[in-house]
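K.L.:
Would you mind keeping the following structure in view while I ask a few things?
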Amino acid sequence: MSSFTAGRHVLPEPERQQQVVTALGVADQAQPFEPVRPTAPPPRAPNVVIVLLDDLGFGTSSAFGGPCRMPTADQLAEDGLRYTRFHVTALCSPTRQALLTGRNHHSVGMGGTTEMATSAPGYHGFRPRSAATIAQILQRNGYSTAAFGKWHQTPPREVSPVGPFERWPTGEGFDTFYGFMGAEMNHWYPLLYQGTTPVQPDRRPEDGYHLTEDLVDHAIDWVRTQRTLAPDRPFFTYLALGASHAPLHVGRDWQRRYEGAFDHGWDAQREMTLHRQKELGVVPENTQLARWADGVPHWAELSENQRALAARFMETFAAFTEHADHQVGRFVEALRELDVLDDTLFLYLLGDNGASGEGGVEGTIVEHRLGHGIVDDPDEMIADIDEIGGPASYPIAPAGWALALNTPFQWTKQVASHLGGTRDGLIVHWPRGIADRGGLRDQFHHVIDVLPTVLDCAGIPHPVLVDGVPQQPVEGTSMRYSFDSPAVEGRRRTQYFEMCGNRGIYHDGWMAVTRHGVPWEMVPTAGRRFEDDVWELYHLDADFSQAHDLAARYPERLRELQDLFLIEAAKHNVFPLDDRVTERENPRLAGRVDLLGDRTCVTYRGGMTRFTEETTPNVKNRSHTIVADVETSGPGADGVVVAQGGRFGGWSLYVAGGRVSYAYNYFGSHVYTVRAAEPLPPGRHEVRMEFSYDGGGLGKGGSVVLNVDGRKVAAGRVAQTIPYYFSFDETLDVGVDLGTPVTDDYPEIDNGFRGVVHTVRIVLDGEEQPPPADGGLHRRVMSAQ
């Protein structure tokens, strides 16, 4: 099978008819048989590397004038091209789905992140088979393919030991995968997958472990092996790091490199960044700073503690980012040592959306609190300032820094209406294919243009049939026309944007936008209507940064663009608009079906681990019972019977000091513990935890009763509970608590039950509570609560 008979438009290559056998014995076969060969790639097809960093923003990297030193990006830019008008979708999963399919995110069902999926056509989170990925296309054209790092495209209910696995990386065209499946991951204590098999690193942070380094180690090992075994085949490496998405985890030695570097504050940083951007030429000389976002204080308005905390958050973010770029540099050096860098089309995407404003005004040491509308008090948080970035923290920076990292634009991640949410730096490096060195390109492009660019450079057409499924049109356009033509007119004339109800439309140099919400208000707010949103108008050809709203001056042009948005939105399944964020992370409230559907009782066996929240019974906002069948042979049978979540939110049923115990961890701010007075005697026992929910809305408290063999042994109260999600990175585990521990009553490692856990049954009692009418969960939490 050495060449296509269908011109590479049909994948996989159609089976060839076998030669007719004309002899009884092989010695009498007149014509030799043709060996079966793998599909050959096009002649001189380049290797392809796509590196994607998370939550950066246009004004973050030194390559685009930002304060985060990124020498690898700088070097690749000096030897390649910088695209200054490159756009993404304003959130993680949608950008990744658009990147890998070449279609707009609503066209492939990814109108929000996988955790925000609903049942609506543009939001269901299931990539249609009519939109083959770039990995599938390259793989079936003779490429070796591998993905490392963050995936975040598989429907959460399919991230389970039973799959199905067709929307996992290895089902979407990658020969190899090593990384994590969700939105984010603890970089000190990650829970990872090798292919579809759960794995955990065998080192801990005290041993020098860090996830970014681990991911790049695996990428380097894979490409070295590929070059050794199949040097005639080009490779495609997709390296999608968790940095610099929360949690901001990085070693203190990296943080010290930025000590005091941000004491001047975010207002001054915007000015400094814009000046540097003009020096580099990545923005026009007449560019002005767009207006400051409503609701975010200026640096001078902060208290002393707020400034100290904000500076440390930014030092941590910058260190995390530079550390990630350094690891990318190790991968680049590996390619250079293998003598393949010059023949590798290397695309370095400096963000999948703008820098994140989800940290709110203050930032937080535990990100999940803000996702639930809970705000930390800086005067309490200051006591933990030295924990920021370390294993005891799960931090995200304040929104003021996000605005500065998106210089010169308005707004942040989630806000698809404004360029602070959607414009990121792109570096393209391909010495064999690009003559210009250090060039700038200002053609308007979008992440959907990556797939057609790669296929164009590889000499591969868009397939019309993949696995027997006709393919929907690729909506991107190749950027290759601009590689050696800096002044050529751009070929993308129109592009819509939408995320969380924030929306915009670009057409021929003009852009109409309307912002619907703010990214740090992720719980429902009553009374906000799409019809009331105010539209703005910008002439981007003359106003690079969206600094001057021309809506009042050109109302007719604004109306034309509003009508065009309606056309594009209808075409790409954008309607109905959905402005919910955290609420959609609860399957019941979002209106989607999780793995268990309407089941209210599930029995696990001992040793079953790594169940995500959408593959386990949802115990939040309702009464429930945990029944464990355990057996001990003597005293000292401590350890975890079953646990869900970890240090920053979750619950655990366990034995400590011989006594049956239950702990409920409320966002890491308080751990409610109920413990039996007497030790558990040797033998086989039924341990039961009954949680009676107070009702009256979401996140309310409840009473806990512990029983052993039908006898009440303890009772207590949990004053408040977590309403929407425990964690994006931790899991439910039987007989052990993987990742970080829910409680300090047992160690981070070696906390498995020292006995036998035969079964654990989770039973949901009564009905799940509906959200309150106002959706409100806004409150302040003290770290010493």
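For the structure tokens, the naming scheme is as follows: chains receive sequential letters (A, B, ...) according to their order of presentation, residues are indexed from 1 within each chain, and ligands are indexed from 1 in presentation order.
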Got a sec: who's within 8 Å of segment 252-255 of chain A, counting only C-alpha atoms, leaving out chain neighbours fewer than 4 positions off, as a PyMOL selection string?

P.N.:
chain A and resi 259+315-316+318-320+323+389-390

K.L.:
If you count only C-alpha atoms, which residues fall within 8 Å of Arg423 of chain A, apart from same-chain ones fewer than 6 positions away, as number ranges by chain?

P.N.:
A: 57-58, 85-88, 353-354

K.L.:
Can you tell me which residues surround Phe177 of chain A at a distance of at most 12 Å, considering only C-alpha atoms, apart from same-chain residues fewer than 4 positions away, and format the answer as a PyMOL selection string?

P.N.:
chain A and resi 135+145-151+168-173+181+192-199+215+218-219+222+237-240

K.L.:
Among segment 135-227 of chain A, which residues does DSSP mark as alpha helix (DSSP H) when it is run on the backbone? Keep the chain and numbering as in the structure and answer as a list in words.

P.N.:
Ala135, Gln136, Ile137, Leu138, Gln139, Leu211, Thr212, Glu213, Asp214, Leu215, Val216, Asp217, His218, Ala219, Ile220, Asp221, Trp222, Val223, Arg224, Thr225, Gln226 and Arg227 of chain A

K.L.:
Nearest to Val454 of chain A: which of A:Ala183, A:Ala45, A:Ala334, A:Met70 is it, counting only C-alpha atoms?

P.N.:
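Looking only at the distances to Val454 of chain A, the closest residue turns out to be A:Ala45.
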
K.L.:
Segment 527-542 of chain A: which residues within 7 Å, counting only C-alpha atoms, same-chain residues fewer than 5 positions away excluded, as number ranges by chain?

P.N.:
A: 509-516, 548-551, 558

K.L.:
Output N, CA and C atoms of each residue in that selection to a file, as a compact mmCIF listing (two decimals), in the first residue's frame.

P.N.:
```txt
# COMPACT_ATOMS: atom_id res chain seq x y z
N GLY A 509 -11.84 44.56 8.45
CA GLY A 509 -11.18 45.60 9.22
C GLY A 509 -12.02 46.24 10.30
N TRP A 510 -13.31 45.92 10.36
CA TRP A 510 -14.20 46.47 11.37
C TRP A 510 -14.64 45.35 12.32
N MET A 511 -14.96 45.73 13.56
CA MET A 511 -15.42 44.73 14.52
C MET A 511 -16.50 45.33 15.42
N ALA A 512 -17.63 44.62 15.49
CA ALA A 512 -18.71 44.98 16.40
C ALA A 512 -18.72 43.97 17.54
N VAL A 513 -18.86 44.45 18.77
CA VAL A 513 -18.76 43.57 19.93
C VAL A 513 -19.78 43.96 20.98
N THR A 514 -20.14 42.99 21.83
CA THR A 514 -20.94 43.29 23.01
C THR A 514 -20.53 42.35 24.13
N ARG A 515 -20.18 42.93 25.25
CA ARG A 515 -19.80 42.14 26.43
C ARG A 515 -21.04 41.92 27.28
N HIS A 516 -21.22 40.66 27.69
CA HIS A 516 -22.42 40.30 28.44
C HIS A 516 -22.15 40.12 29.93
N HIS A 548 -11.19 52.96 20.75
CA HIS A 548 -12.13 54.02 20.40
C HIS A 548 -13.42 53.43 19.85
N ASP A 549 -14.47 53.52 20.64
CA ASP A 549 -15.79 53.02 20.25
C ASP A 549 -16.44 54.00 19.29
N LEU A 550 -16.78 53.53 18.08
CA LEU A 550 -17.35 54.38 17.04
C LEU A 550 -18.83 54.08 16.81
N ALA A 551 -19.47 53.41 17.76
CA ALA A 551 -20.86 53.00 17.55
C ALA A 551 -21.78 54.19 17.33
N LEU A 558 -22.65 49.64 12.28
CA LEU A 558 -22.85 48.76 13.43
C LEU A 558 -24.02 47.82 13.17
```

K.L.:
So that I can see what lies close to segment 635-644 of chain A, please list as a list in words the residues with an atom at most 7 Å from it, counting only C-alpha atoms and leaving out residues fewer than 4 positions away in the same chain.

P.N.:
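Listing them by chain and then by number gives Gly650, Trp651, Ser652, Leu653, Tyr654, Val655, Ala656, Gly657, Gly658, Pro682, Thr731, Leu732, Asp733, Val734, Gly735, Val736, Asp737, Asn751, Gly752, Phe753, Arg754, Gly755 and Val757 of chain A.
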
K.L.:
Take the residues from that selection and put them in a file with N, CA, C and O atoms, as a JSON list (two decimals), in the first residue's frame.

P.N.:
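Written file, part-v7.json:
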```json
[["chain", "number", "residue", "atom", "x", "y", "z"],
["A", 650, "GLY", "N", -13.42, 18.35, 49.07],
["A", 650, "GLY", "CA", -13.79, 16.95, 48.92],
["A", 650, "GLY", "C", -14.22, 16.35, 50.24],
["A", 650, "GLY", "O", -14.43, 17.05, 51.23],
["A", 651, "TRP", "N", -14.35, 15.02, 50.26],
["A", 651, "TRP", "CA", -14.76, 14.31, 51.47],
["A", 651, "TRP", "C", -14.05, 12.96, 51.53],
["A", 651, "TRP", "O", -13.57, 12.44, 50.51],
["A", 652, "SER", "N", -13.99, 12.41, 52.75],
["A", 652, "SER", "CA", -13.30, 11.13, 52.92],
["A", 652, "SER", "C", -13.92, 10.35, 54.06],
["A", 652, "SER", "O", -14.25, 10.91, 55.12],
["A", 653, "LEU", "N", -14.09, 9.05, 53.85],
["A", 653, "LEU", "CA", -14.47, 8.10, 54.89],
["A", 653, "LEU", "C", -13.25, 7.24, 55.14],
["A", 653, "LEU", "O", -12.74, 6.58, 54.22],
["A", 654, "TYR", "N", -12.75, 7.21, 56.39],
["A", 654, "TYR", "CA", -11.45, 6.60, 56.65],
["A", 654, "TYR", "C", -11.37, 6.15, 58.10],
["A", 654, "TYR", "O", -12.28, 6.38, 58.91],
["A", 655, "VAL", "N", -10.27, 5.51, 58.44],
["A", 655, "VAL", "CA", -9.99, 5.10, 59.81],
["A", 655, "VAL", "C", -8.68, 5.75, 60.23],
["A", 655, "VAL", "O", -7.67, 5.63, 59.54],
["A", 656, "ALA", "N", -8.69, 6.45, 61.35],
["A", 656, "ALA", "CA", -7.50, 7.11, 61.87],
["A", 656, "ALA", "C", -7.38, 6.81, 63.35],
["A", 656, "ALA", "O", -8.35, 6.97, 64.10],
["A", 657, "GLY", "N", -6.22, 6.32, 63.78],
["A", 657, "GLY", "CA", -6.06, 5.91, 65.18],
["A", 657, "GLY", "C", -7.00, 4.80, 65.55],
["A", 657, "GLY", "O", -7.43, 4.69, 66.70],
["A", 658, "GLY", "N", -7.35, 3.99, 64.54],
["A", 658, "GLY", "CA", -8.27, 2.88, 64.77],
["A", 658, "GLY", "C", -9.73, 3.26, 64.76],
["A", 658, "GLY", "O", -10.60, 2.39, 64.84],
["A", 682, "PRO", "N", -11.21, -5.80, 65.34],
["A", 682, "PRO", "CA", -10.88, -6.69, 64.22],
["A", 682, "PRO", "C", -12.12, -7.42, 63.74],
["A", 682, "PRO", "O", -13.08, -7.63, 64.47],
["A", 731, "THR", "N", -9.98, 12.87, 42.05],
["A", 731, "THR", "CA", -10.95, 11.83, 41.68],
["A", 731, "THR", "C", -11.51, 11.14, 42.92],
["A", 731, "THR", "O", -11.10, 11.41, 44.05],
["A", 732, "LEU", "N", -12.46, 10.24, 42.67],
["A", 732, "LEU", "CA", -12.96, 9.35, 43.72],
["A", 732, "LEU", "C", -12.16, 8.06, 43.66],
["A", 732, "LEU", "O", -12.00, 7.47, 42.59],
["A", 733, "ASP", "N", -11.68, 7.62, 44.84],
["A", 733, "ASP", "CA", -10.84, 6.44, 44.92],
["A", 733, "ASP", "C", -11.31, 5.56, 46.07],
["A", 733, "ASP", "O", -11.65, 6.06, 47.15],
["A", 734, "VAL", "N", -11.30, 4.26, 45.85],
["A", 734, "VAL", "CA", -11.73, 3.30, 46.86],
["A", 734, "VAL", "C", -10.50, 2.63, 47.45],
["A", 734, "VAL", "O", -9.65, 2.09, 46.74],
["A", 735, "GLY", "N", -10.38, 2.71, 48.78],
["A", 735, "GLY", "CA", -9.27, 2.08, 49.48],
["A", 735, "GLY", "C", -8.02, 2.93, 49.56],
["A", 735, "GLY", "O", -7.02, 2.49, 50.12],
["A", 736, "VAL", "N", -8.07, 4.15, 49.01],
["A", 736, "VAL", "CA", -6.90, 5.03, 49.00],
["A", 736, "VAL", "C", -7.38, 6.43, 48.63],
["A", 736, "VAL", "O", -8.48, 6.59, 48.09],
["A", 737, "ASP", "N", -6.58, 7.45, 48.94],
["A", 737, "ASP", "CA", -6.86, 8.82, 48.51],
["A", 737, "ASP", "C", -5.68, 9.26, 47.66],
["A", 737, "ASP", "O", -4.62, 9.64, 48.17],
["A", 751, "ASN", "N", -1.51, 6.08, 52.19],
["A", 751, "ASN", "CA", -2.72, 6.25, 53.01],
["A", 751, "ASN", "C", -3.77, 5.18, 52.72],
["A", 751, "ASN", "O", -4.93, 5.31, 53.11],
["A", 752, "GLY", "N", -3.36, 4.12, 52.00],
["A", 752, "GLY", "CA", -4.29, 3.05, 51.68],
["A", 752, "GLY", "C", -4.78, 2.33, 52.93],
["A", 752, "GLY", "O", -4.10, 2.27, 53.96],
["A", 753, "PHE", "N", -5.97, 1.77, 52.83],
["A", 753, "PHE", "CA", -6.58, 1.09, 53.97],
["A", 753, "PHE", "C", -5.79, -0.18, 54.31],
["A", 753, "PHE", "O", -5.55, -1.02, 53.43],
["A", 754, "ARG", "N", -5.41, -0.29, 55.59],
["A", 754, "ARG", "CA", -4.63, -1.44, 56.05],
["A", 754, "ARG", "C", -5.57, -2.55, 56.51],
["A", 754, "ARG", "O", -5.70, -2.85, 57.68],
["A", 755, "GLY", "N", -6.23, -3.08, 55.57],
["A", 755, "GLY", "CA", -7.22, -4.12, 55.74],
["A", 755, "GLY", "C", -7.77, -4.43, 54.37],
["A", 755, "GLY", "O", -7.08, -4.26, 53.36],
["A", 757, "VAL", "N", -11.01, -3.60, 51.79],
["A", 757, "VAL", "CA", -12.26, -2.95, 51.44],
["A", 757, "VAL", "C", -12.95, -3.84, 50.41],
["A", 757, "VAL", "O", -12.52, -3.93, 49.26]]
```

K.L.:
I'd like the contact shell of segment 336-344 of chain A - 12 Å cut-off, only C-alpha atoms, skipping same-chain residues fewer than 6 positions apart - returned as a ChimeraX atom specification.

P.N.:
/A:44-50,76,79-80,220-221,223-228,231-237,329-330,428-435,454,457-458

K.L.:
Using N, CA, C and O atoms, can you export the residues from the last selection as a short mmCIF file (atom, residue, chain, number, x, y, z; two decimals), in the first residue's frame?

P.N.:
```
data_model
loop_
_atom_site.label_atom_id
_atom_site.label_comp_id
_atom_site.auth_asym_id
_atom_site.auth_seq_id
_atom_site.Cartn_x
_atom_site.Cartn_y
_atom_site.Cartn_z
N ARG A 44 8.98 15.00 0.92
CA ARG A 44 9.50 16.18 1.63
C ARG A 44 8.48 16.81 2.57
O ARG A 44 8.56 18.00 2.89
N ALA A 45 7.54 16.01 3.06
CA ALA A 45 6.61 16.53 4.06
C ALA A 45 7.37 16.85 5.33
O ALA A 45 8.14 16.03 5.83
N PRO A 46 7.17 18.03 5.90
CA PRO A 46 7.93 18.41 7.10
C PRO A 46 7.40 17.72 8.34
O PRO A 46 6.24 17.28 8.39
N ASN A 47 8.24 17.63 9.35
CA ASN A 47 7.73 17.31 10.68
C ASN A 47 6.86 18.48 11.14
O ASN A 47 7.03 19.62 10.68
N VAL A 48 5.97 18.21 12.05
CA VAL A 48 5.08 19.25 12.57
C VAL A 48 5.10 19.20 14.09
O VAL A 48 4.95 18.14 14.69
N VAL A 49 5.30 20.35 14.69
CA VAL A 49 5.21 20.49 16.15
C VAL A 49 4.26 21.65 16.44
O VAL A 49 4.43 22.75 15.90
N ILE A 50 3.27 21.41 17.28
CA ILE A 50 2.40 22.47 17.78
C ILE A 50 2.56 22.50 19.29
O ILE A 50 2.29 21.52 19.98
N LEU A 76 12.84 31.53 18.69
CA LEU A 76 12.05 31.02 17.57
C LEU A 76 11.48 32.18 16.75
O LEU A 76 11.40 32.11 15.52
N ASP A 79 14.10 33.73 14.49
CA ASP A 79 14.42 32.88 13.33
C ASP A 79 13.18 32.55 12.50
O ASP A 79 13.28 31.81 11.52
N GLY A 80 12.02 33.04 12.91
CA GLY A 80 10.78 32.72 12.20
C GLY A 80 9.90 33.94 12.04
O GLY A 80 10.38 35.05 11.81
N ILE A 220 10.38 14.42 24.57
CA ILE A 220 11.75 14.24 24.05
C ILE A 220 12.03 12.76 23.84
O ILE A 220 12.58 12.35 22.79
N ASP A 221 11.68 11.93 24.82
CA ASP A 221 11.92 10.49 24.68
C ASP A 221 11.20 9.92 23.47
O ASP A 221 11.74 9.09 22.72
N VAL A 223 10.18 11.50 20.63
CA VAL A 223 10.69 11.92 19.33
C VAL A 223 12.06 11.28 19.06
O VAL A 223 12.38 10.96 17.91
N ARG A 224 12.85 11.07 20.08
CA ARG A 224 14.13 10.36 19.89
C ARG A 224 13.88 8.92 19.45
O ARG A 224 14.55 8.42 18.54
N THR A 225 12.89 8.27 20.08
CA THR A 225 12.57 6.91 19.69
C THR A 225 12.03 6.86 18.27
O THR A 225 12.40 5.98 17.47
N GLN A 226 11.18 7.81 17.93
CA GLN A 226 10.61 7.85 16.59
C GLN A 226 11.70 8.03 15.55
O GLN A 226 11.68 7.39 14.49
N ARG A 227 12.64 8.90 15.81
CA ARG A 227 13.74 9.13 14.85
C ARG A 227 14.62 7.89 14.72
O ARG A 227 15.18 7.63 13.65
N THR A 228 14.76 7.13 15.78
CA THR A 228 15.58 5.92 15.73
C THR A 228 14.91 4.82 14.93
O THR A 228 15.53 4.15 14.10
N PRO A 231 13.00 6.84 10.88
CA PRO A 231 13.55 8.13 10.44
C PRO A 231 13.01 8.60 9.10
O PRO A 231 13.12 9.80 8.79
N ASP A 232 12.40 7.71 8.33
CA ASP A 232 11.86 8.10 7.03
C ASP A 232 10.43 8.62 7.13
O ASP A 232 9.87 9.08 6.13
N ARG A 233 9.85 8.52 8.31
CA ARG A 233 8.48 9.02 8.50
C ARG A 233 8.53 10.35 9.21
O ARG A 233 9.21 10.50 10.24
N PRO A 234 7.80 11.35 8.75
CA PRO A 234 7.71 12.60 9.51
C PRO A 234 6.89 12.37 10.78
O PRO A 234 6.11 11.43 10.87
N PHE A 235 7.07 13.26 11.75
CA PHE A 235 6.32 13.14 13.00
C PHE A 235 5.50 14.39 13.26
O PHE A 235 5.82 15.48 12.78
N PHE A 236 4.43 14.20 14.01
CA PHE A 236 3.60 15.30 14.50
C PHE A 236 3.56 15.21 16.02
O PHE A 236 3.09 14.21 16.58
N THR A 237 4.08 16.24 16.69
CA THR A 237 4.06 16.30 18.15
C THR A 237 3.19 17.46 18.59
O THR A 237 3.41 18.61 18.18
N GLY A 329 12.14 24.91 25.51
CA GLY A 329 13.50 25.06 24.98
C GLY A 329 14.28 23.76 25.00
O GLY A 329 15.05 23.48 24.07
N ARG A 330 14.07 22.94 26.02
CA ARG A 330 14.72 21.63 26.04
C ARG A 330 14.24 20.76 24.89
O ARG A 330 15.03 20.02 24.28
N VAL A 428 5.68 31.18 14.13
CA VAL A 428 5.83 30.09 13.16
C VAL A 428 7.31 30.01 12.78
O VAL A 428 7.90 31.00 12.31
N HIS A 429 7.89 28.84 12.97
CA HIS A 429 9.32 28.62 12.73
C HIS A 429 9.48 27.43 11.80
O HIS A 429 9.03 26.32 12.12
N TRP A 430 10.07 27.65 10.63
CA TRP A 430 10.28 26.57 9.65
C TRP A 430 11.40 27.00 8.71
O TRP A 430 11.14 27.48 7.61
N PRO A 431 12.64 26.88 9.11
CA PRO A 431 13.75 27.40 8.30
C PRO A 431 13.76 26.89 6.86
O PRO A 431 14.09 27.63 5.94
N ARG A 432 13.37 25.63 6.65
CA ARG A 432 13.37 25.11 5.28
C ARG A 432 12.27 25.71 4.43
O ARG A 432 12.40 25.81 3.20
N GLY A 433 11.19 26.15 5.07
CA GLY A 433 10.04 26.61 4.31
C GLY A 433 9.78 28.09 4.36
O GLY A 433 8.90 28.58 3.65
N ILE A 434 10.51 28.83 5.23
CA ILE A 434 10.28 30.26 5.38
C ILE A 434 11.61 30.98 5.22
O ILE A 434 12.53 30.77 6.01
N ALA A 435 11.70 31.83 4.23
CA ALA A 435 12.95 32.56 3.98
C ALA A 435 13.11 33.73 4.92
O ALA A 435 14.23 34.05 5.36
N VAL A 454 -1.10 23.56 8.15
CA VAL A 454 -0.25 22.37 8.27
C VAL A 454 -0.43 21.46 7.06
O VAL A 454 0.55 20.97 6.49
N CYS A 457 1.35 22.92 4.03
CA CYS A 457 2.80 22.77 4.09
C CYS A 457 3.23 21.32 3.87
O CYS A 457 4.32 21.06 3.36
N ALA A 458 2.38 20.37 4.27
CA ALA A 458 2.71 18.96 4.12
C ALA A 458 2.33 18.41 2.75
O ALA A 458 2.68 17.26 2.42
#
```

K.L.:
Find the residues of segment 523-616 of chain A that sit at most 12 Å from segment 471-481 of chain A; for each, write down the nearest two atoms and how far apart they are in Å, to one decimal. Count only C-alpha atoms. Sort by chain, then by number going up, and give it as a Markdown table.

P.N.:
```
| residue | atom | partner | partner_atom | distance |
| --- | --- | --- | --- | --- |
| A:Glu568 | CA | A:Glu475 | CA | 11.9 |
| A:Lys571 | CA | A:Glu475 | CA | 11.5 |
| A:His572 | CA | A:Glu475 | CA | 10.2 |
```

K.L.:
Can you write just those residues out, N, CA and C atoms, as a PDB file, in the first residue's frame?

P.N.:
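Written output follows (again22.pdb):
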```pdb
ATOM      1  N   GLU A 568     -23.845  34.620  10.848  1.00  0.00           N
ATOM      2  CA  GLU A 568     -22.742  33.707  11.168  1.00  0.00           C
ATOM      3  C   GLU A 568     -23.099  32.824  12.357  1.00  0.00           C
ATOM      4  N   LYS A 571     -25.409  30.121  11.310  1.00  0.00           N
ATOM      5  CA  LYS A 571     -24.706  29.162  10.453  1.00  0.00           C
ATOM      6  C   LYS A 571     -23.882  28.170  11.278  1.00  0.00           C
ATOM      7  N   HIS A 572     -23.336  28.630  12.399  1.00  0.00           N
ATOM      8  CA  HIS A 572     -22.375  27.820  13.150  1.00  0.00           C
ATOM      9  C   HIS A 572     -22.926  27.290  14.475  1.00  0.00           C
TER      10      HIS A 572
END
```

K.L.:
Using only C-alpha atoms, find each residue of segment 139-258 of chain A with at least one atom at most 12 Å away from an atom of segment 573-590 of chain A; report its shortest atom-to-atom pair and that distance in Å (one decimal), sort the rows by chain and rising residue number, and return the result as JSON lines.

P.N.:
```
{"residue": "A:Pro155", "atom": "CA", "partner": "A:Pro587", "partner_atom": "CA", "distance": 11.4}
{"residue": "A:Pro156", "atom": "CA", "partner": "A:Pro587", "partner_atom": "CA", "distance": 9.9}
{"residue": "A:Arg157", "atom": "CA", "partner": "A:Pro587", "partner_atom": "CA", "distance": 9.7}
{"residue": "A:Ala183", "atom": "CA", "partner": "A:Glu585", "partner_atom": "CA", "distance": 11.7}
```

K.L.:
Might you pull out every residue within 8 Å of segment 722-729 of chain A, with only C-alpha atoms counted and same-chain residues fewer than 2 positions away left off, and present them as a PyMOL selection string?

P.N.:
chain A and resi 182-186+190-191+368+372+582-583+585-586+613+620-621+644-646+648-650+666-667+698-700+720+731

K.L.:
Between atom CA of Cys601 of chain A and atom CA of Arg717 of chain A, what distance in Å does the model show, to one decimal?

P.N.:
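Separating atom CA of Cys601 of chain A from atom CA of Arg717 of chain A is a distance of 23.8 Å.
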
K.L.:
From the list A:Trp188, A:Tyr178, A:Trp292, A:Tyr123, which residue is nearest Glu748 of chain A when using only C-alpha atoms?

P.N.:
A:Trp188

K.L.:
Just list as a ChimeraX atom specification whatever in segment 682-733 of chain A DSSP marks as strand (DSSP E).

P.N.:
/A:683-693,702-708,711-718,732-733
